[in-house]
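Peer 1: You'll find work13.cif just under this line, and it carries mmCIF, C-alpha atoms.
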data_protein
#
loop_
_atom_site.label_atom_id
_atom_site.label_comp_id
_atom_site.auth_asym_id
_atom_site.auth_seq_id
_atom_site.Cartn_x
_atom_site.Cartn_y
_atom_site.Cartn_z
CA MET A 41 -42.76 11.71 19.89
CA ASN A 42 -41.45 8.50 21.44
CA ARG A 43 -37.79 7.86 22.15
CA GLU A 44 -37.20 5.88 18.97
CA GLN A 45 -38.73 8.60 16.81
CA PHE A 46 -36.79 11.23 18.68
CA GLU A 47 -33.47 9.44 18.13
CA ARG A 48 -34.13 8.98 14.41
CA ILE A 49 -35.20 12.57 13.78
CA ALA A 50 -32.46 14.02 15.97
CA ASN A 51 -29.83 12.10 14.03
CA ASP A 52 -31.42 13.05 10.71
CA GLU A 53 -31.35 16.68 11.80
CA ILE A 54 -27.68 16.38 12.68
CA ASP A 55 -27.03 14.76 9.29
CA GLY A 56 -28.97 17.49 7.52
CA ILE A 57 -31.56 15.14 6.08
CA ALA A 58 -34.56 15.85 8.32
CA THR A 59 -37.60 17.18 6.49
CA ALA A 60 -39.12 20.55 7.38
CA ASP A 61 -41.96 18.81 9.21
CA GLU A 62 -39.57 16.63 11.18
CA ARG A 63 -37.47 19.65 12.06
CA GLU A 64 -40.51 21.47 13.39
CA ALA A 65 -41.64 18.40 15.35
CA LEU A 66 -38.18 18.12 16.85
CA ARG A 67 -38.13 21.80 17.79
CA GLN A 68 -41.43 21.44 19.62
CA HIS A 69 -40.32 18.26 21.35
CA LEU A 70 -37.08 19.79 22.55
CA ALA A 71 -38.93 22.86 23.84
CA GLY A 72 -41.06 20.72 26.14
CA ASP A 73 -38.65 18.01 27.23
CA PRO A 74 -35.45 18.92 29.14
CA GLU A 75 -34.18 15.32 28.98
CA ALA A 76 -34.54 15.33 25.18
CA ARG A 77 -32.70 18.64 25.03
CA GLU A 78 -29.87 17.08 27.03
CA ARG A 79 -29.71 14.04 24.74
CA PHE A 80 -29.76 16.24 21.65
CA ARG A 81 -26.96 18.41 23.06
CA GLU A 82 -24.88 15.31 23.78
CA LEU A 83 -25.49 14.05 20.26
CA GLN A 84 -24.37 17.38 18.82
CA GLU A 85 -21.23 17.25 20.95
CA VAL A 86 -20.37 13.74 19.84
CA VAL A 87 -20.81 14.61 16.19
CA GLY A 88 -18.89 17.85 16.75
CA ALA A 89 -16.03 15.92 18.34
CA LEU A 90 -16.00 13.42 15.47
CA ASN A 91 -15.96 16.24 12.96
CA GLN A 92 -13.03 17.85 14.78
CA VAL A 93 -10.85 14.90 13.89
CA SER A 94 -9.06 15.76 10.70
CA LEU A 95 -7.70 13.23 8.26
CA GLU A 96 -4.05 12.41 8.75
CA GLU A 97 -1.58 12.65 5.91
CA PRO A 98 -0.14 9.30 4.97
CA PRO A 99 3.65 9.09 5.23
CA ALA A 100 5.59 10.14 2.15
CA HIS A 101 7.08 6.70 1.62
CA LEU A 102 3.70 5.03 1.36
CA LYS A 103 2.92 5.81 -2.26
CA PRO A 104 6.32 4.67 -3.57
CA SER A 105 6.00 1.45 -1.61
CA ILE A 106 2.52 0.90 -3.04
CA LEU A 107 3.73 1.44 -6.59
CA ARG A 108 6.66 -0.84 -6.06
CA ALA A 109 4.38 -3.49 -4.65
CA VAL A 110 2.23 -3.54 -7.76
CA ALA A 111 5.21 -3.47 -10.10
CA PRO A 112 6.32 -6.57 -11.93
CA ARG A 113 9.17 -8.72 -10.80
CA VAL A 114 12.12 -9.06 -13.13
CA SER A 115 12.50 -12.72 -13.88
CA ALA A 116 13.63 -13.18 -17.46
CA SER A 117 14.99 -11.39 -20.48
CA GLU A 118 12.02 -12.07 -22.69
CA PRO A 119 9.89 -9.18 -23.87
CA VAL A 120 6.97 -8.78 -21.49
CA THR A 121 3.79 -7.16 -22.64
CA GLU A 122 1.03 -9.13 -21.03
CA VAL A 123 -0.68 -7.29 -18.20
CA GLY A 124 -2.06 -10.57 -16.94
CA PHE A 125 1.46 -11.80 -16.45
CA TRP A 126 2.28 -8.83 -14.23
CA ARG A 127 -0.93 -9.22 -12.29
CA SER A 128 -0.51 -12.89 -11.63
CA LEU A 129 3.09 -12.38 -10.65
CA ALA A 130 2.23 -9.54 -8.31
CA ALA A 131 -0.58 -11.58 -6.84
CA GLY A 132 1.71 -14.47 -6.08
CA VAL A 133 4.52 -12.41 -4.69
CA PHE A 134 2.82 -9.68 -2.76
CA GLN A 135 -0.57 -10.93 -1.68
CA SER A 136 0.20 -11.34 1.96
CA VAL A 137 3.44 -9.45 2.44
CA PRO A 138 3.23 -6.40 4.71
CA TRP A 139 4.99 -3.39 3.25
CA ARG A 140 7.65 -3.27 5.95
CA GLU A 141 8.83 -6.71 4.91
CA ALA A 142 8.21 -6.14 1.25
CA VAL A 143 9.98 -2.83 0.84
CA PRO A 144 13.53 -4.12 0.29
CA PHE A 145 12.30 -6.62 -2.23
CA ALA A 146 9.69 -4.39 -3.79
CA ALA A 147 12.20 -1.57 -4.09
CA GLY A 148 14.29 -3.94 -6.15
CA VAL A 149 11.32 -4.76 -8.27
CA GLY A 150 10.74 -1.09 -8.93
CA VAL A 151 14.27 -0.41 -10.03
CA GLY A 152 14.37 -3.54 -12.12
CA VAL A 153 11.24 -2.54 -13.92
CA LEU A 154 12.59 0.93 -14.40
CA ALA A 155 15.65 -0.59 -15.96
CA ILE A 156 13.59 -2.48 -18.51
CA GLY A 157 11.64 0.65 -19.24
CA LEU A 158 14.78 2.62 -19.92
CA VAL A 159 16.05 0.00 -22.32
CA SER A 160 12.76 -0.08 -24.13
CA GLY A 161 12.83 3.65 -24.61
CA ASN A 162 9.23 3.94 -23.52
CA LEU A 163 9.79 5.11 -19.99
CA VAL A 164 9.83 8.85 -20.30
CA GLY A 165 9.93 11.18 -17.34
CA SER A 166 9.57 8.45 -14.75
CA SER A 167 11.46 8.05 -11.52
CA ARG A 168 12.17 5.09 -9.30
CA ASP A 169 9.13 6.07 -7.30
CA ASP A 170 6.74 6.54 -10.15
CA LEU A 171 6.64 3.62 -12.50
CA ALA A 172 5.22 3.89 -15.96
CA ASN A 173 3.70 1.48 -18.36
CA LEU A 174 6.41 -0.77 -19.68
CA ARG A 175 6.74 -2.29 -23.09
CA GLY A 176 9.85 -3.41 -24.86
CA THR A 177 12.60 -5.84 -25.58
CA MET A 178 16.01 -6.31 -24.09
CA ALA A 179 19.43 -5.20 -25.28
CA PRO A 180 21.29 -7.35 -27.80
CA GLN A 181 23.06 -10.20 -26.06
CA ASP A 182 26.60 -9.55 -27.25
CA ALA A 183 26.63 -5.79 -26.91
CA ASN A 184 29.25 -6.03 -24.16
CA ARG A 185 32.08 -7.47 -26.17
CA GLY A 186 34.93 -5.04 -26.46
CA THR A 187 34.18 -3.26 -23.19
CA PRO A 188 37.34 -3.55 -21.07
CA VAL A 189 37.35 -6.03 -18.19
CA VAL A 190 38.53 -4.36 -15.00
CA ASP A 191 38.15 -7.18 -12.52
CA SER A 192 37.01 -10.76 -12.38
CA LYS A 193 36.58 -13.11 -9.44
CA THR A 194 35.67 -16.78 -9.16
CA LEU A 195 33.97 -18.08 -6.03
CA THR A 196 33.33 -21.73 -5.34
CA VAL A 197 30.93 -22.78 -2.60
CA ALA A 198 29.51 -26.24 -1.91
CA GLY A 199 29.84 -27.30 -5.52
CA ALA A 200 28.55 -24.01 -6.94
CA THR A 201 30.85 -21.81 -8.97
CA VAL A 202 30.20 -18.17 -9.62
CA VAL A 203 32.35 -16.10 -11.95
CA ALA A 204 31.77 -12.36 -11.64
CA THR A 205 33.31 -10.03 -14.18
CA ALA A 206 33.20 -6.25 -14.25
CA ARG A 207 33.54 -4.50 -17.58
CA VAL A 208 33.80 -0.75 -17.36
CA ASN A 209 33.24 2.02 -19.81
CA ALA A 210 32.88 4.78 -17.23
CA PRO A 211 30.43 5.73 -15.96
CA GLU A 212 28.78 2.54 -17.24
CA VAL A 213 29.64 -0.79 -15.64
CA ILE A 214 28.65 -4.13 -17.06
CA LEU A 215 28.60 -6.86 -14.45
CA GLU A 216 28.53 -10.36 -15.85
CA VAL A 217 27.72 -13.11 -13.34
CA GLU A 218 27.98 -16.68 -14.49
CA VAL A 219 26.35 -19.15 -12.13
CA ARG A 220 27.09 -22.85 -12.27
CA PRO A 221 24.71 -24.00 -9.56
CA ALA A 222 25.34 -26.39 -6.71
CA PRO A 223 24.18 -29.94 -7.41
CA THR A 224 21.40 -29.60 -4.85
CA GLY A 225 19.51 -26.65 -3.43
CA ASP A 226 19.55 -23.04 -4.50
CA THR A 227 22.63 -21.02 -5.25
CA GLU A 228 22.20 -17.44 -4.16
CA VAL A 229 24.31 -14.52 -5.22
CA GLU A 230 24.04 -11.15 -3.51
CA ILE A 231 25.74 -8.12 -4.98
CA ALA A 232 25.97 -4.90 -2.96
CA THR A 233 25.68 -2.05 -5.42
CA ARG A 234 25.85 1.10 -3.31
CA ASN A 235 27.05 3.98 -5.51
CA TYR A 236 25.63 2.27 -8.58
CA ARG A 237 22.25 2.47 -10.25
CA ALA A 238 20.96 -0.61 -12.00
CA ARG A 239 19.76 0.12 -15.52
CA ASP A 240 19.27 -3.22 -17.15
CA LEU A 241 19.23 -6.90 -16.34
CA ARG A 242 19.37 -9.83 -18.70
CA ILE A 243 19.21 -13.50 -17.82
CA ASP A 244 20.51 -16.03 -20.27
CA PRO A 245 18.90 -18.42 -20.89
CA PRO A 246 15.58 -16.84 -19.98
CA GLY A 247 14.06 -18.49 -16.94
CA ALA A 248 17.36 -19.95 -15.75
CA GLY A 249 16.83 -18.23 -12.44
CA GLU A 250 15.49 -15.09 -10.90
CA ALA A 251 17.02 -11.79 -9.98
CA THR A 252 15.68 -8.87 -8.02
CA VAL A 253 17.31 -5.50 -8.44
CA GLY A 254 17.16 -3.20 -5.44
CA PRO A 255 18.58 0.27 -4.86
CA THR A 256 21.62 -1.09 -3.03
CA VAL A 257 21.57 -4.82 -3.57
CA ILE A 258 20.94 -7.26 -6.37
CA ARG A 259 19.92 -10.78 -5.47
CA ILE A 260 20.13 -13.74 -7.79
CA GLY A 261 18.52 -17.08 -7.05
CA HIS A 262 19.54 -20.01 -9.23
CA ARG A 263 18.08 -23.45 -8.71
CA ALA A 264 19.93 -26.73 -8.96
CA GLY A 265 19.26 -28.49 -12.23
CA GLU A 266 18.79 -25.26 -14.17
CA GLY A 267 22.24 -25.56 -15.74
CA THR A 268 24.63 -22.67 -16.10
CA GLY A 269 23.07 -19.25 -16.25
CA GLN A 270 24.49 -15.88 -17.07
CA TYR A 271 23.20 -12.67 -15.54
CA VAL A 272 24.26 -9.45 -17.19
CA LEU A 273 23.65 -6.26 -15.25
CA HIS A 274 24.17 -2.78 -16.61
CA LEU A 275 25.03 -0.41 -13.82
CA HIS A 276 25.61 3.31 -13.82
CA ARG A 277 28.28 4.57 -11.45
CA GLU A 278 26.95 7.40 -9.35
CA ALA A 279 30.19 8.25 -7.54
CA ALA A 280 33.55 9.23 -9.02
CA HIS A 281 35.32 6.57 -6.97
CA PRO A 282 32.69 4.06 -6.01
CA ALA A 283 33.27 1.30 -3.53
CA PRO A 284 33.95 -2.12 -5.06
CA LEU A 285 30.98 -4.31 -5.84
CA GLU A 286 30.71 -6.78 -2.96
CA ILE A 287 29.64 -10.25 -3.93
CA ILE A 288 28.44 -12.98 -1.61
CA VAL A 289 27.67 -16.48 -2.83
CA ARG A 290 25.62 -18.85 -0.68
CA ALA A 291 25.00 -22.52 -1.34
CA GLY A 292 24.60 -25.63 0.78
CA GLY A 293 24.69 -23.61 4.00
CA GLN A 294 28.09 -22.12 3.16
CA SER A 295 29.10 -18.77 1.79
CA ALA A 296 32.01 -16.97 0.16
CA ARG A 297 32.62 -13.31 -0.41
CA ALA A 298 34.69 -11.21 -2.81
CA ALA A 299 35.04 -7.58 -3.84
CA LEU A 300 35.05 -6.58 -7.49
CA THR A 301 36.65 -3.28 -8.34
CA THR A 302 35.34 -1.07 -11.07
CA ASP A 303 38.16 1.40 -10.68
CA LEU A 304 39.83 2.00 -14.01
CA SER A 305 43.11 2.88 -12.33
CA GLY A 306 43.64 -0.87 -11.71
CA SER A 307 44.98 -3.24 -14.35
CA VAL A 308 42.78 -3.45 -17.40
CA GLU A 309 42.62 -6.56 -19.43
CA GLN A 310 41.18 -6.40 -22.94
CA HIS A 311 38.85 -9.26 -23.73
CA PRO A 312 37.62 -10.01 -27.20
CA MET B 296 -12.12 14.37 -10.02
CA PHE B 297 -14.80 14.07 -12.67
CA ASP B 298 -16.28 10.63 -13.07
CA LYS B 299 -15.22 10.55 -16.71
CA ASP B 300 -11.61 11.27 -15.84
CA GLU B 301 -11.67 8.60 -13.21
CA ARG B 302 -13.24 6.07 -15.55
CA ASP B 303 -10.50 6.80 -18.04
CA LEU B 304 -7.82 6.34 -15.38
CA VAL B 305 -9.34 3.09 -14.24
CA GLU B 306 -9.55 1.84 -17.81
CA ARG B 307 -5.92 2.73 -18.45
CA ALA B 308 -4.81 1.16 -15.18
CA ARG B 309 -6.74 -1.93 -16.17
CA ARG B 310 -4.67 -2.15 -19.33
CA GLY B 311 -1.53 -2.11 -17.22
CA ASP B 312 -0.78 1.61 -17.27
CA THR B 313 0.93 2.09 -13.92
CA ARG B 314 1.03 5.86 -14.40
CA ALA B 315 -2.75 5.89 -14.42
CA PHE B 316 -2.76 3.64 -11.38
CA SER B 317 -0.37 6.05 -9.71
CA GLU B 318 -2.93 8.83 -10.16
CA LEU B 319 -5.60 6.66 -8.60
CA VAL B 320 -3.30 6.07 -5.64
CA ASP B 321 -2.87 9.85 -5.36
CA THR B 322 -6.62 10.27 -5.25
CA TYR B 323 -7.41 7.60 -2.70
CA GLN B 324 -4.39 6.84 -0.56
CA ARG B 325 -5.18 9.50 2.04
CA VAL B 326 -8.68 8.27 2.58
CA VAL B 327 -7.73 4.60 2.52
CA TYR B 328 -4.92 5.25 4.99
CA ASN B 329 -7.28 7.08 7.32
CA VAL B 330 -9.91 4.38 7.11
CA ALA B 331 -7.29 1.82 8.02
CA PHE B 332 -5.85 3.98 10.77
CA ARG B 333 -9.23 4.53 12.37
CA MET B 334 -10.16 0.88 12.00
CA VAL B 335 -6.99 -0.45 13.66
CA ASN B 336 -5.74 2.62 15.58
CA ASP B 337 -2.11 2.02 14.62
CA ARG B 338 -0.21 3.98 11.99
CA GLU B 339 2.21 1.29 10.92
CA ASP B 340 -0.53 -1.28 10.61
CA ALA B 341 -2.51 1.30 8.64
CA GLU B 342 0.38 1.61 6.20
CA ASP B 343 0.49 -2.17 5.73
CA ILE B 344 -3.24 -2.26 5.18
CA THR B 345 -3.15 0.64 2.74
CA GLN B 346 -0.50 -1.07 0.67
CA SER B 347 -2.43 -4.28 0.72
CA VAL B 348 -5.60 -2.45 -0.36
CA PHE B 349 -3.93 -0.98 -3.41
CA VAL B 350 -2.22 -4.23 -4.35
CA LYS B 351 -5.60 -5.94 -4.23
CA THR B 352 -7.20 -3.09 -6.11
CA TYR B 353 -4.58 -3.42 -8.84
CA GLN B 354 -4.79 -7.18 -9.00
CA ASN B 355 -8.56 -7.10 -9.25
CA LEU B 356 -9.05 -4.23 -11.64
CA GLY B 357 -10.12 -6.79 -14.20
CA SER B 358 -13.11 -7.76 -12.10
CA TYR B 359 -14.17 -4.21 -11.26
CA ASP B 360 -17.64 -3.49 -12.61
CA SER B 361 -17.56 0.03 -14.03
CA ARG B 362 -21.33 0.42 -13.54
CA TYR B 363 -20.51 1.07 -9.89
CA LYS B 364 -18.52 3.95 -8.49
CA PHE B 365 -14.84 3.23 -8.24
CA PHE B 366 -14.53 4.81 -4.80
CA SER B 367 -17.22 2.49 -3.45
CA TRP B 368 -15.20 -0.45 -4.66
CA VAL B 369 -11.95 0.83 -3.19
CA TYR B 370 -13.55 1.71 0.14
CA ARG B 371 -15.09 -1.71 0.38
CA ILE B 372 -11.69 -3.30 -0.16
CA ALA B 373 -10.24 -0.94 2.46
CA LEU B 374 -12.86 -1.85 5.02
CA ASN B 375 -12.55 -5.55 4.36
CA GLU B 376 -8.77 -5.43 4.56
CA SER B 377 -8.94 -3.52 7.83
CA LEU B 378 -11.42 -5.95 9.31
CA ASN B 379 -9.45 -8.96 8.11
CA PHE B 380 -6.26 -7.46 9.46
CA ARG B 381 -7.86 -6.89 12.81
CA GLY B 382 -9.19 -10.40 12.83
CA ARG B 383 -5.73 -11.79 12.19
CA ARG B 384 -4.18 -9.49 14.77
CA ARG B 385 -6.77 -10.41 17.37
CA ARG B 386 -6.13 -14.11 16.87
CA HIS B 387 -2.43 -13.40 17.21
CA ASP B 388 -2.43 -11.09 20.18
CA GLU B 389 -5.81 -11.42 21.85
CA LEU B 390 -5.48 -7.82 22.88
CA ASP B 391 -7.77 -6.32 25.43
CA PRO B 392 -9.50 -3.42 23.68
CA GLU B 393 -8.78 -1.30 26.74
CA LEU B 394 -5.10 -1.91 26.22
CA GLU B 395 -5.05 -1.45 22.48
CA SER B 396 -5.27 2.28 22.60
CA ASN B 397 -2.22 2.34 24.85
CA GLY B 398 -0.16 0.28 22.44
CA ARG B 399 1.13 3.35 20.62
CA SER B 400 4.59 4.71 21.17
CA PRO B 401 5.03 7.73 23.46
CA ASP B 402 5.78 9.79 20.36
CA ASP B 403 2.53 8.68 18.80
CA ASN B 404 0.62 9.51 21.92
CA ALA B 405 2.22 12.92 22.09
CA ALA B 406 1.39 13.55 18.47
CA LEU B 407 -2.27 12.72 18.88
CA SER B 408 -4.48 15.46 20.09
CA GLU B 409 -6.53 14.59 23.13
CA VAL B 410 -9.78 14.57 21.25
CA SER B 411 -8.45 12.61 18.33
CA GLY B 412 -6.78 10.11 20.64
CA GLU B 413 -9.83 9.65 22.81
CA ILE B 414 -12.05 9.25 19.80
CA GLY B 415 -9.64 6.71 18.39
CA SER B 416 -9.73 4.78 21.64
CA ALA B 417 -13.49 5.02 21.87
CA LEU B 418 -13.90 3.81 18.29
CA MET B 419 -11.85 0.75 19.09
CA ARG B 420 -14.32 -0.16 21.81
CA LEU B 421 -17.18 -0.19 19.37
CA SER B 422 -17.97 -3.37 17.49
CA ALA B 423 -16.69 -3.45 13.91
CA ASP B 424 -20.16 -2.78 12.46
CA TYR B 425 -20.62 0.37 14.50
CA ARG B 426 -17.05 1.55 14.04
CA THR B 427 -17.35 1.09 10.29
CA VAL B 428 -20.40 3.29 9.90
CA VAL B 429 -18.90 6.04 12.04
CA ILE B 430 -15.74 6.05 9.94
CA MET B 431 -17.71 6.04 6.71
CA ARG B 432 -19.98 8.85 7.79
CA HIS B 433 -17.58 11.12 9.64
CA PHE B 434 -14.19 10.47 8.04
CA LEU B 435 -15.20 9.52 4.51
CA GLU B 436 -18.22 11.82 4.59
CA LEU B 437 -20.36 9.29 2.77
CA ASN B 438 -24.10 9.59 2.81
CA GLN B 439 -26.36 6.80 3.96
CA ASN B 440 -27.13 5.64 0.45
CA GLU B 441 -23.44 5.32 -0.39
CA MET B 442 -22.79 3.54 2.89
CA SER B 443 -25.65 1.19 2.17
CA GLN B 444 -24.20 0.31 -1.24
CA ILE B 445 -20.71 -0.25 0.05
CA LEU B 446 -21.79 -2.33 3.03
CA GLU B 447 -24.51 -4.07 1.04
CA VAL B 448 -27.05 -3.59 3.81
CA PRO B 449 -30.31 -1.60 3.72
CA GLU B 450 -30.17 2.11 4.46
CA LYS B 451 -32.36 1.49 7.48
CA THR B 452 -29.67 -0.78 8.92
CA VAL B 453 -27.00 1.83 8.23
CA LYS B 454 -29.04 4.45 10.04
CA SER B 455 -29.73 2.22 12.99
CA ARG B 456 -26.07 1.31 13.36
CA LEU B 457 -24.98 4.91 13.07
CA HIS B 458 -27.44 6.12 15.67
CA THR B 459 -26.46 3.40 18.12
CA ALA B 460 -22.76 4.00 17.48
CA ARG B 461 -23.18 7.71 18.19
CA ARG B 462 -25.04 7.00 21.38
CA LEU B 463 -22.36 4.58 22.60
CA LEU B 464 -19.61 7.02 21.65
CA GLY B 465 -21.46 9.75 23.50
CA GLU B 466 -21.48 7.67 26.66
CA MET B 467 -17.77 6.84 26.34
CA LEU B 468 -16.68 10.37 25.52
CA SER B 469 -18.79 11.75 28.28
CA ARG B 470 -17.04 9.49 30.80
CA LYS B 471 -13.70 10.74 29.44
CA GLY B 472 -14.83 14.35 29.78
CA ILE B 473 -14.60 14.97 26.04
CA THR B 474 -18.30 15.74 25.99
CA HIS B 475 -20.29 17.06 28.90
CA PRO B 476 -22.21 14.51 30.97
#
Can you present the structure in this file as structure tokens?

Peer 2:
Amino acid sequence: MNREQFERIANDEIDGIATADEREALRQHLAGDPEARERFRELQEVVGALNQVSLEEPPAHLKPSILRAVAPRVSASEPVTEVGFWRSLAAGVFQSVPWREAVPFAAGVGVGVLAIGLVSGNLVGSSRDDLANLRGTMAPQDANRGTPVVDSKTLTVAGATVVATARVNAPEVILEVEVRPAPTGDTEVEIATRNYRARDLRIDPPGAGEATVGPTVIRIGHRAGEGTGQYVLHLHREAAHPAPLEIIVRAGGQSARAALTTDLSGSVEQHP
Amino acid sequence: MFDKDERDLVERARRGDTRAFSELVDTYQRVVYNVAFRMVNDREDAEDITQSVFVKTYQNLGSYDSRYKFFSWVYRIALNESLNFRGRRRRHDELDPELESNGRSPDDNAALSEVSGEIGSALMRLSADYRTVVIMRHFLELNQNEMSQILEVPEKTVKSRLHTARRLLGEMLSRKGITHP
């Protein structure tokens, strides 16, 4: 048995695929060749060491981040049923984004999708970490009329005007954000929503801009030239006395900030 | 998992059923993560790669040919992603392979057993072709036929690479005292 044959048969023996004849030939070769015995022992040790290495458990946050990364991005109030739409959107958004950078955004995607699912009534038994198949349409546009307004703020930045209004029917909060964009560039609105859970998002008109809904922040991006857009967010208060909704508007390199209370103990103004 | 169940899951995932896709992630994330970890020897990078693998898997479900085993397809994506990641990282950092194994945090080093750590380091000194076959054989427990299909090379080539890889690992581990000289 030459060296090449020896190496092949020895490895096959280790892998459990040597034939009976090969096994016998190997046994005879090892019996008469101390150097071959040494090489075979080393091979057994290497394979033994490799087999000692057990698989590691992936971290618990990995699966949720994967599911969020493949989830669709909320971008309009139109019914969405085309899988191809989701795929192409996911492809564009997530193709080259490492999870560490994508998590804040993807988390928003997950919750936003969950919100649509809840409205559609088809998302049964799902959690933020375990998204289900989504089908459905959005809530009627004028369903909010008659819900008391608790607070309203107007912020003007670099030609952009944002009017944020909180309607409250505890524990539900309806946040209406009207964006009249700056003449040039994007107008961004960031809403800190700690203590609230986003349940629904509607953009009117559809495609006016984009919003991502995260566990603690909602981000709206509205482009110049899109005209006025209204973003209606349904939030669920998760604390008896939640912190105010913090709103930051950025446009033209400037920013403005305001806090919007949802506390019913403040003055309540009834809007038609 | 029975093949039929898996085919059903894949078909449902293909139609956009993210619950079915979630089950596929359950089935394969551990293996994919470990492939990535052993290919790049870094846990955080392995997480990024694993996510990327499943995003690509999801995006490309439409092009998956169900005549072939789903795991073969997923493993191939995992290996390609790991190799591409390493290629990008190498261009970025130009790391010395000798230094790569020391790039882990002290906590990581403490958490790794000596054998596992030394094997991880030794694997990183192998060329990608050799490292790949070792991972497929010893961590994925694939046979040579499966490896041949995934790598799209003849079984003879798989065998040759595996034997050489084992011999090189033997020399490295022997120098480290993991195996006896």

Peer 1: For chain B against chain A, with a cut-off of 8 Å and counting all atoms listed in the file, what is the closest atom pair and its distance in Å to one decimal for every residue that makes the cut, ordered by chain and number, as a tab-separated table?

Peer 2:
residue	atom	partner	partner_atom	distance
B:Arg310	CA	A:Val123	CA	6.6
B:Gly311	CA	A:Val123	CA	5.3
B:Asp312	CA	A:Asn173	CA	4.6
B:Thr313	CA	A:Ala172	CA	5.1
B:Arg314	CA	A:Ala172	CA	4.9
B:Ser317	CA	A:Leu107	CA	6.9
B:Val320	CA	A:Lys103	CA	7.1
B:Asp321	CA	A:Lys103	CA	7.7
B:Gln324	CA	A:Pro98	CA	7.4
B:Arg325	CA	A:Pro98	CA	5.8
B:Val326	CA	A:Leu95	CA	7.6
B:Tyr328	CA	A:Pro98	CA	6.3
B:Asn329	CA	A:Leu95	CA	6.2
B:Glu342	CA	A:Leu102	CA	6.8
B:Asp343	CA	A:Pro138	CA	5.1
B:Ile344	CA	A:Pro138	CA	7.7
B:Gln346	CA	A:Ile106	CA	5.2
B:Ser347	CA	A:Pro138	CA	7.2
B:Phe349	CA	A:Ile106	CA	6.7
B:Val350	CA	A:Val110	CA	5.6
B:Lys351	CA	A:Gln135	CA	7.5
B:Tyr353	CA	A:Val110	CA	6.9
B:Gln354	CA	A:Arg127	CA	5.5
B:Val410	CA	A:Ala89	CA	7.0
B:Ser411	CA	A:Val93	CA	5.5
B:Ile414	CA	A:Leu90	CA	7.2
B:His433	CA	A:Asn91	CA	6.3
B:Phe434	CA	A:Leu95	CA	7.1
B:His458	CA	A:Asn51	CA	6.6
B:Arg461	CA	A:Val86	CA	6.9
B:Arg462	CA	A:Leu83	CA	7.2
B:Leu464	CA	A:Val86	CA	7.0
B:Gly465	CA	A:Val86	CA	5.5
B:Leu468	CA	A:Val86	CA	7.6
B:Ile473	CA	A:Ala89	CA	7.9
B:Thr474	CA	A:Glu85	CA	6.0
B:His475	CA	A:Glu82	CA	7.1
B:Pro476	CA	A:Glu82	CA	7.7

Peer 1: Would you kindly translate the PyMOL selection byres ((chain A and resi 236) around 7) into the concrete residues it picks from this file, as a PyMOL selection string?

Peer 2: chain A and resi 233-235+237-238+275-278

Peer 1: Write out as a PDB file with C-alpha atoms, in the frame of the given file which residues come within 6 Å of range 201-209 of chain A when counting all atoms listed in the file, dropping same-chain ones fewer than 3 positions away.

Peer 2:
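So the final result, stored in selection_26.pdb, reads:
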ATOM      1  CA  THR A 187      34.180  -3.260 -23.190  1.00  0.00           C
ATOM      2  CA  PRO A 188      37.340  -3.550 -21.070  1.00  0.00           C
ATOM      3  CA  VAL A 189      37.350  -6.030 -18.190  1.00  0.00           C
ATOM      4  CA  VAL A 190      38.530  -4.360 -15.000  1.00  0.00           C
ATOM      5  CA  ASP A 191      38.150  -7.180 -12.520  1.00  0.00           C
ATOM      6  CA  SER A 192      37.010 -10.760 -12.380  1.00  0.00           C
ATOM      7  CA  LYS A 193      36.580 -13.110  -9.440  1.00  0.00           C
ATOM      8  CA  THR A 194      35.670 -16.780  -9.160  1.00  0.00           C
ATOM      9  CA  LEU A 195      33.970 -18.080  -6.030  1.00  0.00           C
ATOM     10  CA  THR A 196      33.330 -21.730  -5.340  1.00  0.00           C
ATOM     11  CA  GLU A 212      28.780   2.540 -17.240  1.00  0.00           C
ATOM     12  CA  VAL A 213      29.640  -0.790 -15.640  1.00  0.00           C
ATOM     13  CA  ILE A 214      28.650  -4.130 -17.060  1.00  0.00           C
ATOM     14  CA  LEU A 215      28.600  -6.860 -14.450  1.00  0.00           C
ATOM     15  CA  GLU A 216      28.530 -10.360 -15.850  1.00  0.00           C
ATOM     16  CA  VAL A 217      27.720 -13.110 -13.340  1.00  0.00           C
ATOM     17  CA  GLU A 218      27.980 -16.680 -14.490  1.00  0.00           C
ATOM     18  CA  VAL A 219      26.350 -19.150 -12.130  1.00  0.00           C
ATOM     19  CA  ARG A 220      27.090 -22.850 -12.270  1.00  0.00           C
TER      20      ARG A 220
END

Peer 1: Please, which residues are within 12 Å of (-23.5, 8.0, 3.9) by the file's coordinates, counting all atoms listed in the file, and could they come as a ChimeraX atom specification?

Peer 2: /A:52,55-57 /B:367,427-446,449-454,456-457

Peer 1: To one decimal in Å, tell me the separation between CA of Asn42 in chain A and CA of Arg426 in chain B.

Peer 2: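 So the two atoms, CA of Asn42 in chain A and CA of Arg426 in chain B, lie 26.4 Å apart.
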
Peer 1: Interatomic distance between CA of Glu376 in chain B and CA of Tyr323 in chain B?

Peer 2: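 Between CA of Glu376 in chain B and CA of Tyr323 in chain B the gap is 15.0 Å.
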
Peer 1: What separation in Å, quoted to one decimal, exists between CA of Glu447 in chain B and CA of Val369 in chain B?

Peer 2: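 Value for the CA of Glu447 in chain B-CA of Val369 in chain B distance: 14.1 Å.
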
Peer 1: Do you know which residues the PyMOL selection byres ((chain A and resi 250) around 6) returns on this file, as a PyMOL selection string?

Peer 2: chain A and resi 115+249+251+260-261

Peer 1: The PyMOL selection byres ((chain A and resi 64-75) around 8) on the file shown: which residues, as a list of chain:residue names?

Peer 2: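 Applying the PyMOL selection byres ((chain A and resi 64-75) around 8) to the structure shown produces A:Met41, A:Phe46, A:Ile49, A:Ala50, A:Ala60, A:Asp61, A:Glu62, A:Arg63, A:Ala76, A:Arg77, A:Glu78, A:Arg79.
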